[in-house]
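Enquirer: What follows is the file input-v3.txt, containing compact mmCIF, C-alpha atoms:
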```txt
# COMPACT_ATOMS: atom_id res chain seq x y z
CA MET A 1 -142.59 -95.33 132.53
CA ALA A 2 -140.32 -97.38 130.37
CA ASN A 3 -142.95 -97.49 127.70
CA GLU A 4 -143.42 -93.78 127.94
CA HIS A 5 -139.73 -93.28 127.41
CA GLU A 6 -139.67 -95.74 124.56
CA GLY A 7 -142.45 -93.78 122.94
CA ARG A 8 -140.39 -90.60 123.16
CA ASP A 9 -137.20 -92.19 121.84
CA ASP A 10 -137.68 -91.05 118.33
CA ASP A 11 -134.75 -88.66 118.84
CA GLY A 12 -131.83 -90.80 117.86
CA GLY A 13 -131.08 -91.90 121.43
CA ILE A 14 -130.71 -88.48 123.05
CA GLY A 15 -133.29 -89.34 125.70
CA ARG A 16 -131.61 -92.61 126.47
CA LEU A 17 -128.24 -90.89 126.59
CA LEU A 18 -129.52 -88.40 129.10
CA ARG A 19 -131.09 -91.06 131.29
CA GLU A 20 -128.00 -93.22 131.25
CA ARG A 21 -125.12 -90.76 131.20
CA LEU A 22 -126.30 -87.52 132.73
CA PRO A 23 -125.17 -87.43 136.36
CA ARG A 24 -127.82 -87.14 139.04
CA HIS A 25 -127.07 -84.64 141.72
CA ARG A 26 -128.36 -86.08 144.95
CA ALA A 27 -129.11 -83.67 147.72
CA PRO A 28 -126.14 -83.35 150.10
CA ALA A 29 -126.67 -84.50 153.66
CA GLY A 30 -126.36 -80.93 154.89
CA LEU A 31 -129.17 -79.78 152.65
CA ARG A 32 -131.34 -82.70 153.72
CA GLY A 33 -130.81 -81.82 157.34
CA ALA A 34 -131.46 -78.13 156.75
CA VAL A 35 -134.66 -78.80 154.83
CA THR A 36 -135.88 -81.32 157.39
CA GLU A 37 -135.23 -78.80 160.13
CA SER A 38 -136.93 -75.99 158.27
CA LEU A 39 -140.00 -78.14 157.74
CA GLN A 40 -140.40 -78.82 161.43
CA PRO A 41 -143.32 -76.94 162.93
CA ALA A 42 -142.02 -73.81 164.53
CA PRO A 43 -142.04 -74.12 168.31
CA SER A 44 -144.00 -71.49 170.09
CA ARG A 45 -141.37 -68.85 170.03
CA ARG A 46 -141.24 -66.28 172.74
CA PRO A 47 -141.41 -62.79 171.38
CA LEU A 48 -138.17 -60.85 171.51
CA TRP A 49 -139.38 -58.51 174.22
CA ALA A 50 -140.08 -61.45 176.49
CA PHE A 51 -136.34 -62.03 176.84
CA TRP A 52 -135.56 -58.64 178.30
CA LEU A 53 -138.86 -57.65 179.86
CA ALA A 54 -138.61 -59.97 182.85
CA PRO A 55 -135.00 -59.06 183.76
CA ALA A 56 -135.79 -55.39 183.24
CA CYS A 57 -138.80 -55.56 185.53
CA ALA A 58 -136.80 -57.47 188.12
CA SER A 59 -134.01 -54.89 188.00
CA LEU A 60 -136.48 -52.06 188.30
CA ALA A 61 -138.20 -53.68 191.27
CA THR A 62 -134.84 -54.30 192.95
CA ALA A 63 -133.78 -50.70 192.39
CA LEU A 64 -137.09 -49.47 193.80
CA ALA A 65 -136.78 -51.69 196.86
CA MET A 66 -133.20 -50.50 197.43
CA LEU A 67 -134.33 -46.90 197.11
CA LEU A 68 -137.12 -47.37 199.62
CA TRP A 69 -134.75 -49.13 201.98
CA LEU A 70 -132.01 -46.52 201.69
CA ALA A 71 -134.25 -43.48 201.52
CA PRO A 72 -134.39 -42.88 205.29
CA SER A 73 -130.60 -42.90 205.50
CA LEU A 74 -130.04 -40.61 202.53
CA PRO A 75 -128.82 -37.12 203.41
CA ARG A 76 -131.61 -34.64 203.27
CA ALA A 77 -131.47 -31.03 202.34
CA PRO A 78 -132.53 -29.25 205.50
CA ALA A 79 -135.94 -27.72 205.11
CA ILE A 80 -135.81 -24.01 205.50
CA ASP A 81 -138.80 -22.68 207.38
CA SER A 82 -140.23 -19.26 206.83
CA ALA A 83 -138.87 -17.94 210.14
CA GLU A 84 -135.38 -18.79 209.04
CA LEU A 85 -135.93 -17.02 205.74
CA VAL A 86 -137.03 -13.91 207.60
CA GLU A 87 -133.97 -14.16 209.85
CA ARG A 88 -131.64 -14.23 206.89
CA ALA A 89 -133.39 -11.32 205.25
CA VAL A 90 -133.19 -9.29 208.45
CA LEU A 91 -129.47 -10.02 208.76
CA ALA A 92 -128.90 -8.94 205.19
CA GLU A 93 -130.79 -5.75 205.85
CA HIS A 94 -128.83 -5.18 209.05
CA ALA A 95 -125.55 -5.68 207.21
CA ARG A 96 -126.63 -3.06 204.68
CA ASN A 97 -127.45 -0.71 207.52
CA ILE A 98 -124.03 -1.17 209.09
CA PHE A 99 -122.10 -0.60 205.87
CA TRP A 100 -124.19 1.95 204.07
CA GLY A 101 -126.78 3.21 206.57
CA GLN A 102 -126.79 6.89 207.38
CA SER A 103 -127.65 8.44 210.68
CA ARG A 104 -130.66 10.67 210.13
CA ALA A 105 -131.81 11.19 213.71
CA ASP A 106 -132.76 14.74 212.91
CA VAL A 107 -135.19 13.64 210.23
CA VAL A 108 -136.77 10.74 212.14
CA PRO A 109 -139.78 12.77 213.36
CA ALA A 110 -140.60 13.55 209.75
CA ALA A 111 -139.63 10.13 208.39
CA LEU A 112 -141.64 8.10 210.86
CA PRO A 113 -145.17 9.00 209.64
CA ARG A 114 -144.11 8.37 206.05
CA ALA A 115 -142.60 4.99 206.99
CA ILE A 116 -145.79 4.00 208.84
CA GLU A 117 -147.92 5.05 205.87
CA GLU A 118 -145.90 3.16 203.32
CA SER A 119 -145.17 0.06 205.38
CA GLY A 120 -148.67 -0.90 206.44
CA VAL A 121 -147.38 -1.30 209.98
CA GLY A 122 -148.58 1.31 212.47
CA LEU A 123 -146.90 2.31 215.74
CA ASN A 124 -149.06 3.47 218.64
CA TRP A 125 -145.93 4.15 220.62
CA VAL A 126 -142.37 3.95 219.52
CA PHE A 127 -139.20 4.01 221.56
CA THR A 128 -137.18 6.89 220.22
CA GLY A 129 -134.24 6.60 222.58
CA ASP A 130 -132.66 7.41 225.92
CA ASP A 131 -129.18 7.91 227.30
CA ASP A 132 -128.00 4.54 226.00
CA ILE A 133 -129.52 4.22 222.55
CA ARG A 134 -131.40 6.40 220.16
CA LEU A 135 -133.52 5.96 217.08
CA ILE A 136 -131.55 7.17 214.11
CA ASP A 137 -133.65 6.05 211.13
CA ALA A 138 -137.11 4.84 210.13
CA LYS A 139 -138.10 3.63 206.69
CA PRO A 140 -140.42 1.19 204.99
CA THR A 141 -138.92 -2.14 203.95
CA TYR A 142 -139.77 -5.24 201.98
CA LEU A 143 -138.79 -8.57 203.46
CA GLU A 144 -139.49 -12.03 201.98
CA GLY A 145 -142.63 -10.84 200.23
CA ARG A 146 -143.79 -8.80 203.24
CA ARG A 147 -144.03 -5.06 203.53
CA GLY A 148 -142.90 -3.76 206.90
CA ILE A 149 -141.19 -1.02 208.80
CA GLU A 150 -137.54 -0.83 209.66
CA LEU A 151 -136.23 1.14 212.64
CA THR A 152 -132.53 1.62 213.24
CA TYR A 153 -131.03 2.32 216.66
CA GLN A 154 -127.50 3.15 217.68
CA ASP A 155 -126.01 2.98 221.15
CA VAL A 156 -123.41 5.27 222.65
CA ALA A 157 -120.65 2.86 221.73
CA GLY A 158 -121.67 3.07 218.07
CA HIS A 159 -123.29 -0.37 217.80
CA THR A 160 -126.17 -0.50 215.38
CA MET A 161 -129.42 -2.36 215.95
CA THR A 162 -131.93 -3.01 213.21
CA TYR A 163 -135.51 -3.50 214.30
CA ILE A 164 -137.85 -4.82 211.61
CA ILE A 165 -141.58 -5.35 212.02
CA VAL A 166 -143.49 -7.25 209.33
CA PRO A 167 -146.88 -8.98 209.22
CA GLY A 168 -146.35 -12.35 210.91
CA GLY A 169 -148.73 -14.40 208.83
CA THR A 170 -148.12 -18.09 209.31
CA VAL A 171 -144.52 -17.71 210.42
CA ALA A 172 -144.12 -19.84 213.52
CA LEU A 173 -141.29 -19.13 215.92
CA PRO A 174 -139.45 -22.21 217.11
CA GLU A 175 -139.42 -23.21 220.77
CA ARG A 176 -135.75 -23.88 220.56
CA GLY A 177 -133.70 -20.82 221.47
CA ARG A 178 -136.39 -19.19 223.58
CA VAL A 179 -134.87 -17.12 226.35
CA GLN A 180 -136.65 -15.43 229.22
CA ILE A 181 -135.90 -11.71 229.14
CA ASP A 182 -137.81 -9.72 231.68
CA ARG A 183 -141.44 -10.75 231.18
CA TRP A 184 -141.04 -11.90 227.60
CA ARG A 185 -139.70 -15.09 226.08
CA PRO A 186 -138.33 -14.28 222.62
CA VAL A 187 -136.03 -16.41 220.45
CA VAL A 188 -132.41 -15.41 220.79
CA LYS A 189 -129.93 -16.61 218.18
CA LYS A 190 -126.47 -15.96 216.97
CA GLU A 191 -126.12 -16.16 213.24
CA ASN A 192 -123.15 -15.33 211.02
CA GLY A 193 -121.54 -13.07 213.60
CA PHE A 194 -124.75 -11.26 214.49
CA SER A 195 -127.26 -11.59 217.28
CA LEU A 196 -130.97 -11.92 216.66
CA ILE A 197 -133.96 -11.50 218.92
CA MET A 198 -137.32 -12.55 217.44
CA TRP A 199 -140.81 -12.38 218.87
CA ARG A 200 -144.43 -12.00 217.87
CA GLN A 201 -146.48 -9.01 218.91
CA GLN A 202 -150.01 -8.08 217.87
CA GLY A 203 -149.88 -10.58 215.04
CA LEU A 204 -146.68 -9.04 213.77
CA LEU A 205 -143.25 -10.60 213.49
CA CYS A 206 -140.62 -8.50 215.16
CA VAL A 207 -136.90 -9.05 214.71
CA MET A 208 -134.00 -7.17 216.18
CA ALA A 209 -130.53 -7.72 214.79
CA SER A 210 -127.28 -6.46 216.22
CA ASP A 211 -123.58 -6.99 216.07
CA LEU A 212 -123.50 -7.37 219.85
CA VAL A 213 -122.46 -11.02 220.05
CA SER A 214 -120.17 -11.50 223.04
CA ASP A 215 -121.78 -12.56 226.29
CA LYS A 216 -121.37 -9.12 227.78
CA ASP A 217 -122.62 -7.42 224.62
CA LEU A 218 -125.51 -9.84 224.38
CA ASP A 219 -126.65 -8.87 227.85
CA ARG A 220 -126.56 -5.29 226.73
CA PHE A 221 -128.51 -6.21 223.62
CA LYS A 222 -131.13 -7.85 225.81
CA GLN A 223 -131.43 -4.65 227.85
CA TYR A 224 -131.95 -2.70 224.64
CA PHE A 225 -134.61 -5.26 223.67
CA VAL A 226 -136.49 -4.65 226.96
CA LYS A 227 -136.44 -0.93 226.36
CA VAL A 228 -137.70 -1.22 222.81
CA ARG A 229 -140.19 -4.00 223.52
CA SER A 230 -141.80 -2.22 226.48
CA SER A 231 -142.08 1.13 224.77
CA THR A 232 -143.13 0.19 221.27
CA GLU A 233 -146.59 -0.94 220.26
CA PRO A 234 -146.95 -1.88 216.61
CA TYR A 235 -150.18 -2.79 214.85
CA VAL A 236 -151.31 -3.79 211.38
CA VAL A 237 -152.70 -0.79 209.53
CA TYR A 238 -154.47 -2.87 206.86
CA MET B 1 -153.51 -83.73 154.20
CA ALA B 2 -151.97 -83.43 157.63
CA ASP B 3 -148.82 -81.37 157.91
CA ASP B 4 -146.73 -84.29 159.09
CA GLU B 5 -147.83 -86.44 156.20
CA PHE B 6 -147.25 -83.60 153.79
CA ARG B 7 -143.74 -83.10 155.13
CA GLN B 8 -142.92 -86.76 154.86
CA GLN B 9 -144.11 -86.96 151.28
CA ALA B 10 -142.46 -83.71 150.27
CA LEU B 11 -139.10 -84.83 151.60
CA GLN B 12 -139.18 -87.89 149.35
CA HIS B 13 -138.64 -85.62 146.35
CA LEU B 14 -135.66 -83.81 147.75
CA ASP B 15 -133.09 -85.49 145.48
CA ALA B 16 -135.12 -84.85 142.35
CA LEU B 17 -135.66 -81.23 143.24
CA HIS B 18 -132.00 -80.75 144.01
CA ASN B 19 -131.00 -82.35 140.71
CA LEU B 20 -133.18 -79.98 138.70
CA ALA B 21 -132.00 -77.04 140.80
CA VAL B 22 -128.38 -77.86 139.99
CA TYR B 23 -129.05 -77.93 136.27
CA LEU B 24 -131.00 -74.71 136.46
CA THR B 25 -128.61 -72.70 138.59
CA ARG B 26 -125.33 -74.42 137.60
CA ASN B 27 -124.13 -73.57 141.07
CA GLY B 28 -124.10 -75.88 144.08
CA SER B 29 -124.82 -73.37 146.84
CA GLU B 30 -127.43 -71.58 144.79
CA ALA B 31 -129.09 -74.90 144.05
CA GLU B 32 -129.29 -75.65 147.75
CA ASP B 33 -130.72 -72.22 148.44
CA LEU B 34 -133.25 -72.75 145.71
CA VAL B 35 -134.33 -76.09 147.11
CA GLN B 36 -134.67 -74.72 150.63
CA GLU B 37 -136.70 -71.80 149.37
CA THR B 38 -138.87 -74.24 147.45
CA TYR B 39 -139.64 -76.23 150.58
CA VAL B 40 -140.29 -73.12 152.63
CA ARG B 41 -142.77 -71.93 150.05
CA ALA B 42 -144.32 -75.35 149.75
CA MET B 43 -144.97 -75.45 153.49
CA ARG B 44 -146.29 -71.92 153.48
CA PHE B 45 -148.74 -72.73 150.74
CA SER B 46 -149.38 -76.35 151.64
CA HIS B 47 -153.05 -75.54 152.21
CA ARG B 48 -153.32 -74.84 148.49
CA PHE B 49 -152.11 -78.28 147.54
CA GLN B 50 -154.97 -80.49 146.49
CA PRO B 51 -154.59 -84.00 147.89
CA GLY B 52 -154.68 -86.61 145.19
CA THR B 53 -152.84 -84.46 142.69
CA HIS B 54 -149.23 -84.94 141.81
CA LEU B 55 -147.14 -83.61 144.72
CA ARG B 56 -143.90 -84.12 142.81
CA ALA B 57 -145.13 -82.01 139.91
CA TRP B 58 -146.42 -79.36 142.32
CA LEU B 59 -143.01 -79.11 144.00
CA PHE B 60 -141.26 -78.86 140.64
CA GLN B 61 -143.63 -76.08 139.70
CA ILE B 62 -142.78 -74.15 142.87
CA LEU B 63 -139.08 -74.69 142.29
CA ARG B 64 -139.24 -73.46 138.73
CA ASN B 65 -141.31 -70.42 139.64
CA THR B 66 -138.92 -69.57 142.46
CA PHE B 67 -136.00 -69.94 140.11
CA LEU B 68 -137.61 -67.68 137.54
CA THR B 69 -138.48 -65.12 140.16
CA PHE B 70 -135.19 -64.85 141.98
CA TYR B 71 -132.41 -66.68 140.23
CA ARG B 72 -132.93 -66.12 136.56
CA LEU B 73 -132.81 -62.37 136.86
CA ARG B 74 -129.57 -62.63 138.78
CA GLU B 75 -128.26 -65.13 136.30
CA ARG B 76 -128.78 -62.66 133.46
CA GLU B 77 -127.12 -59.87 135.39
CA ALA B 78 -124.10 -62.04 136.08
CA ALA B 79 -123.85 -63.59 132.62
CA ILE B 80 -120.15 -62.86 132.65
CA SER B 81 -118.30 -64.16 135.66
CA GLU B 82 -115.56 -62.25 137.40
CA ASP B 83 -112.78 -63.92 135.48
CA GLY B 84 -114.39 -62.96 132.20
CA VAL B 85 -115.40 -66.48 131.28
CA PRO B 86 -119.07 -66.79 130.35
CA GLU B 87 -120.89 -68.75 133.04
CA SER B 88 -122.39 -71.07 130.46
CA GLU B 89 -118.88 -72.18 129.51
CA ALA B 90 -117.78 -72.79 133.07
CA PRO B 91 -117.50 -76.46 134.03
CA MET B 92 -120.32 -77.75 136.19
CA PHE B 93 -119.57 -79.29 139.50
CA HIS B 94 -120.78 -82.77 140.17
CA ASP B 95 -120.20 -85.18 142.97
CA ALA B 96 -120.80 -88.28 140.91
CA ALA B 97 -117.73 -90.50 141.10
CA SER B 98 -116.18 -90.89 137.67
CA ARG B 99 -115.88 -94.50 136.63
CA ASP B 100 -113.25 -93.75 134.07
CA SER B 101 -111.97 -90.90 132.01
CA GLU B 102 -114.30 -91.71 129.10
CA SER B 103 -117.31 -91.68 131.35
CA ALA B 104 -116.17 -88.49 133.00
CA GLY B 105 -115.71 -86.89 129.62
CA ALA B 106 -119.20 -87.95 128.61
CA HIS B 107 -120.59 -86.39 131.75
CA MET B 108 -118.80 -83.16 131.08
CA ASP B 109 -119.93 -83.04 127.48
CA LEU B 110 -123.53 -83.80 128.36
CA GLU B 111 -123.62 -81.25 131.12
CA ARG B 112 -122.00 -78.59 128.98
CA ALA B 113 -124.40 -79.27 126.20
CA LEU B 114 -127.27 -79.07 128.60
CA THR B 115 -126.15 -75.76 130.02
CA ARG B 116 -126.26 -74.27 126.53
CA LEU B 117 -129.97 -74.95 126.32
CA PRO B 118 -132.35 -72.18 127.30
CA GLU B 119 -134.37 -72.84 130.42
CA GLU B 120 -137.58 -73.15 128.41
CA PHE B 121 -136.06 -76.19 126.65
CA LYS B 122 -133.91 -77.56 129.41
CA THR B 123 -136.58 -77.82 132.10
CA PRO B 124 -139.18 -79.78 130.13
CA LEU B 125 -136.46 -82.04 128.77
CA LEU B 126 -135.12 -82.84 132.24
CA LEU B 127 -138.56 -83.24 133.73
CA ALA B 128 -139.73 -85.57 131.02
CA GLU B 129 -136.58 -87.60 130.33
CA ILE B 130 -134.80 -87.61 133.66
CA GLU B 131 -137.62 -87.28 136.15
CA GLY B 132 -140.05 -89.26 134.03
CA LEU B 133 -142.98 -86.90 134.45
CA ALA B 134 -145.97 -87.19 132.15
CA LEU B 135 -146.22 -84.51 129.50
CA GLU B 136 -149.42 -83.23 131.08
CA ASP B 137 -147.58 -82.66 134.36
CA VAL B 138 -144.69 -81.01 132.57
CA ALA B 139 -147.17 -78.76 130.77
CA ARG B 140 -148.69 -77.78 134.11
CA ILE B 141 -145.26 -77.02 135.53
CA MET B 142 -144.24 -75.02 132.49
CA ASP B 143 -147.63 -73.34 132.42
CA CYS B 144 -148.08 -74.01 128.73
CA PRO B 145 -150.01 -76.46 126.52
CA VAL B 146 -148.86 -80.04 126.10
CA GLY B 147 -148.19 -79.40 122.43
CA THR B 148 -145.75 -76.66 123.33
CA VAL B 149 -144.02 -78.99 125.74
CA LYS B 150 -143.64 -81.62 123.04
CA SER B 151 -142.28 -79.05 120.66
CA ARG B 152 -139.78 -77.73 123.18
CA ILE B 153 -138.57 -81.19 124.09
CA PHE B 154 -138.14 -82.03 120.42
CA ARG B 155 -136.20 -78.85 119.76
CA ALA B 156 -134.13 -79.38 122.87
CA LYS B 157 -133.11 -82.80 121.65
CA GLU B 158 -132.32 -81.42 118.21
CA ARG B 159 -130.01 -78.86 119.73
CA LEU B 160 -128.37 -81.40 121.99
CA ARG B 161 -127.82 -83.66 119.04
CA GLY B 162 -126.02 -80.82 117.34
CA TYR B 163 -123.85 -80.19 120.38
CA LEU B 164 -123.06 -83.87 120.86
CA THR B 165 -121.93 -84.90 117.41
CA ASP B 166 -119.56 -87.46 118.89
CA TYR B 167 -122.46 -89.43 120.28
CA LYS B 168 -124.33 -89.96 117.03
```
Rewrite the coordinates I just gave you, this time as structure tokens.
Expert:
Amino acid sequence: MANEHEGRDDDGGIGRLLRERLPRHRAPAGLRGAVTESLQPAPSRRPLWAFWLAPACASLATALAMLLWLAPSLPRAPAIDSAELVERAVLAEHARNIFWGQSRADVVPAALPRAIEESGVGLNWVFTGDDDIRLIDAKPTYLEGRRGIELTYQDVAGHTMTYIIVPGGTVALPERGRVQIDRWRPVVKKENGFSLIMWRQQGLLCVMASDLVSDKDLDRFKQYFVKVRSSTEPYVVY
Amino acid sequence: MADDEFRQQALQHLDALHNLAVYLTRNGSEAEDLVQETYVRAMRFSHRFQPGTHLRAWLFQILRNTFLTFYRLREREAAISEDGVPESEAPMFHDAASRDSESAGAHMDLERALTRLPEEFKTPLLLAEIEGLALEDVARIMDCPVGTVKSRIFRAKERLRGYLTDYK
């Protein structure tokens, strides 16, 4: 190398000056360490998702287990069965009758055939009244997707009873609330200040609603039920 | 060549690479960045290195190409520093301990003179005179014929001689 340099030194000593006087900048220790580190083979690095995937899965599994564990004790929205839906609809209809219903006893003989024709519910016999109660209205109705017939009675004290007959379909009456009345065992309930008597007859669902709610009035309501039940025979027209 | 062996051999040239990087960039931190980038690239393309050839020259070639690619463009854009003083006139840093004021002055003059040389002259001069590379290797690094290298070194020395009249 020395010879090589000597061979080049035809420049008036510039080469020698550079070799002797020009400072050499050695690599700082920090740079040496950084370079050495960067030259190390990269360890098998876990992908970024691997850092959060496991905790996320664990959290999810824990949450799922907690949910399954707590699920039985969570409050449940009470399931509303179809009978209950019919009850509510009958009560709403009864309330309408009380507030806005009109006594049309004189037109019942004419209204009844039309109601039977339009409701799809026929009546072989129908209780039209006695000294205690009388039929004051008959009209077709539509209840929870079912066409039916609605009969309205009124007793001498002015209490109104709404008697609705609709196709029963799959509506099942509950065993709870069954009460023996004469030779029948209908469901008797008190709901929102009204009394209800429900039963099935000829595949039809029959509901009577009244504002007779006290024990004494309820007994009277049951007597009215016996009169109506024994003297009315509905059937499905089609 | 195995990676470990390649690493070991490459690290032996760290000081030389850093020295050239300092004279090219005239900035300590940029020189370090340049050297690190050089090694990263060298490792990435180590499979292209032909064993038996001159590793030192190969590393210098990578360093110069990296400098030309990234640093020279930036250098031109920032030809004037923030304080308005041309970068080429700014004093170079160096960590060499000054033996005396005369020596320190000589260092400063040499470095300043060197910074005034264009890269095409400065690099072959440093590689040949300071690093002691053969002209053939310098030609490979500079990607030009040996004759061109000789010419550039000669002209570089001529210019330096003009800058350093006190040393005649």
Enquirer: Quick one: residues within 8 Å of Val207 (chain A), only C-alpha atoms, excluding same-chain residues fewer than 2 positions away - as a VMD selection string?
Expert: chain A and resid 87 90 162 to 165 196 to 199 205 209
Enquirer: Of the candidates B:Leu14, B:Ile141, B:Leu117, B:Leu24, which one gets nearest to chain A if we count only C-alpha atoms?
Expert: B:Leu14
Enquirer: Give as a list in words each residue that has an atom at most 12 Å from (-128.5, -83.2, 119.0) in the file, counting all atoms listed in the file.
Expert: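 The residues near that point, listed by chain and number, are Asp11, Gly12, Gly13, Ile14, Gly15, Leu17 and Leu18 of chain A; Leu110, Ala113, Leu114, Arg116, Leu117, Ile153, Phe154, Arg155, Ala156, Lys157, Glu158, Arg159, Leu160, Arg161, Gly162, Tyr163, Leu164, Thr165, Asp166, Tyr167 and Lys168 of chain B.
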Enquirer: With all atoms listed in the file as the counted atoms, please give the residues lying no more than 12 Å from Ile98 (chain A), apart from itself and same-chain residues fewer than 3 positions off, as a PyMOL selection string.
Expert: chain A and resi 91-95+101-103+152-154+158-162+194+209-211
Enquirer: Take CA of Thr123 (chain B) and CA of Ala139 (chain B) and report the distance between them in Å, one decimal.
Expert: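 Going from CA of Thr123 (chain B) over to CA of Ala139 (chain B) covers 10.7 Å.
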Enquirer: In the coordinate frame of the file, compute which residues have an atom within 12 Å of (-137.1, -18.1, 209.9) when using only C-alpha atoms, and state them as a ChimeraX atom specification.
Expert: /A:79-91,143-144,168,170-174,187,189,191,196-199,205-207
Enquirer: Selected residues, C-alpha atoms, written as a PDB file, in the coordinates of the input, please.
Expert:
```pdb
ATOM      1  CA  ALA A  79    -135.940 -27.720 205.110  1.00  0.00           C
ATOM      2  CA  ILE A  80    -135.810 -24.010 205.500  1.00  0.00           C
ATOM      3  CA  ASP A  81    -138.800 -22.680 207.380  1.00  0.00           C
ATOM      4  CA  SER A  82    -140.230 -19.260 206.830  1.00  0.00           C
ATOM      5  CA  ALA A  83    -138.870 -17.940 210.140  1.00  0.00           C
ATOM      6  CA  GLU A  84    -135.380 -18.790 209.040  1.00  0.00           C
ATOM      7  CA  LEU A  85    -135.930 -17.020 205.740  1.00  0.00           C
ATOM      8  CA  VAL A  86    -137.030 -13.910 207.600  1.00  0.00           C
ATOM      9  CA  GLU A  87    -133.970 -14.160 209.850  1.00  0.00           C
ATOM     10  CA  ARG A  88    -131.640 -14.230 206.890  1.00  0.00           C
ATOM     11  CA  ALA A  89    -133.390 -11.320 205.250  1.00  0.00           C
ATOM     12  CA  VAL A  90    -133.190  -9.290 208.450  1.00  0.00           C
ATOM     13  CA  LEU A  91    -129.470 -10.020 208.760  1.00  0.00           C
ATOM     14  CA  LEU A 143    -138.790  -8.570 203.460  1.00  0.00           C
ATOM     15  CA  GLU A 144    -139.490 -12.030 201.980  1.00  0.00           C
ATOM     16  CA  GLY A 168    -146.350 -12.350 210.910  1.00  0.00           C
ATOM     17  CA  THR A 170    -148.120 -18.090 209.310  1.00  0.00           C
ATOM     18  CA  VAL A 171    -144.520 -17.710 210.420  1.00  0.00           C
ATOM     19  CA  ALA A 172    -144.120 -19.840 213.520  1.00  0.00           C
ATOM     20  CA  LEU A 173    -141.290 -19.130 215.920  1.00  0.00           C
ATOM     21  CA  PRO A 174    -139.450 -22.210 217.110  1.00  0.00           C
ATOM     22  CA  VAL A 187    -136.030 -16.410 220.450  1.00  0.00           C
ATOM     23  CA  LYS A 189    -129.930 -16.610 218.180  1.00  0.00           C
ATOM     24  CA  GLU A 191    -126.120 -16.160 213.240  1.00  0.00           C
ATOM     25  CA  LEU A 196    -130.970 -11.920 216.660  1.00  0.00           C
ATOM     26  CA  ILE A 197    -133.960 -11.500 218.920  1.00  0.00           C
ATOM     27  CA  MET A 198    -137.320 -12.550 217.440  1.00  0.00           C
ATOM     28  CA  TRP A 199    -140.810 -12.380 218.870  1.00  0.00           C
ATOM     29  CA  LEU A 205    -143.250 -10.600 213.490  1.00  0.00           C
ATOM     30  CA  CYS A 206    -140.620  -8.500 215.160  1.00  0.00           C
ATOM     31  CA  VAL A 207    -136.900  -9.050 214.710  1.00  0.00           C
TER      32      VAL A 207
END
```
Enquirer: What are the residues of chain B that have an atom within 6 Å of an atom of chain A, counting only C-alpha atoms, as an MDAnalysis selection string?
Expert: chainID B and resid 15 18:19 36 107 129:130
Enquirer: Could you state the separation of CA of Phe225 (chain A) and CA of Gly145 (chain A) in Å, given to one decimal place?
Expert: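 Computed distance, CA of Phe225 (chain A) to CA of Gly145 (chain A), equals 25.4 Å.
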Enquirer: Which distance in Å separates CA of Ala10 (chain B) and CA of Glu37 (chain B), to one decimal?
Expert: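 Spanning CA of Ala10 (chain B) to CA of Glu37 (chain B) is a straight-line distance of 13.3 Å.
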Enquirer: Set the distance at 12 Å and use only C-alpha atoms: which residues neighbour Val156 (chain A) once local chain neighbours fewer than 4 positions away are removed? I'd like the list as a VMD selection string.
Expert: chain A and resid 129 to 136 160 to 161 220 224
Enquirer: Export, as an mmCIF file, in the frame of the given file, the selected residues with C-alpha atoms.
Expert:
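Written file, result.cif:
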```cif
data_model
loop_
_atom_site.group_PDB
_atom_site.id
_atom_site.type_symbol
_atom_site.label_atom_id
_atom_site.label_comp_id
_atom_site.auth_asym_id
_atom_site.auth_seq_id
_atom_site.Cartn_x
_atom_site.Cartn_y
_atom_site.Cartn_z
ATOM 1 C CA GLY A 129 -134.240 6.600 222.580
ATOM 2 C CA ASP A 130 -132.660 7.410 225.920
ATOM 3 C CA ASP A 131 -129.180 7.910 227.300
ATOM 4 C CA ASP A 132 -128.000 4.540 226.000
ATOM 5 C CA ILE A 133 -129.520 4.220 222.550
ATOM 6 C CA ARG A 134 -131.400 6.400 220.160
ATOM 7 C CA LEU A 135 -133.520 5.960 217.080
ATOM 8 C CA ILE A 136 -131.550 7.170 214.110
ATOM 9 C CA THR A 160 -126.170 -0.500 215.380
ATOM 10 C CA MET A 161 -129.420 -2.360 215.950
ATOM 11 C CA ARG A 220 -126.560 -5.290 226.730
ATOM 12 C CA TYR A 224 -131.950 -2.700 224.640
#
```
Enquirer: Take region 62-76 of chain A from the block and save it with C-alpha atoms, as a CSV table (one decimal), in the first residue's frame.
Expert:
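Ended up saving to out20.csv:
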```
chain,number,residue,atom,x,y,z
A,62,THR,CA,-65.3,-14.9,30.2
A,63,ALA,CA,-68.2,-12.6,29.1
A,64,LEU,CA,-69.9,-15.5,27.5
A,65,ALA,CA,-69.5,-17.7,30.5
A,66,MET,CA,-70.8,-14.9,32.8
A,67,LEU,CA,-73.8,-14.5,30.5
A,68,LEU,CA,-74.6,-18.1,30.6
A,69,TRP,CA,-74.2,-18.2,34.3
A,70,LEU,CA,-76.3,-15.1,34.9
A,71,ALA,CA,-78.9,-15.8,32.3
A,72,PRO,CA,-81.3,-17.8,34.5
A,73,SER,CA,-81.3,-15.0,37.1
A,74,LEU,CA,-81.9,-12.2,34.6
A,75,PRO,CA,-85.3,-10.7,34.7
A,76,ARG,CA,-87.5,-11.9,31.9
```
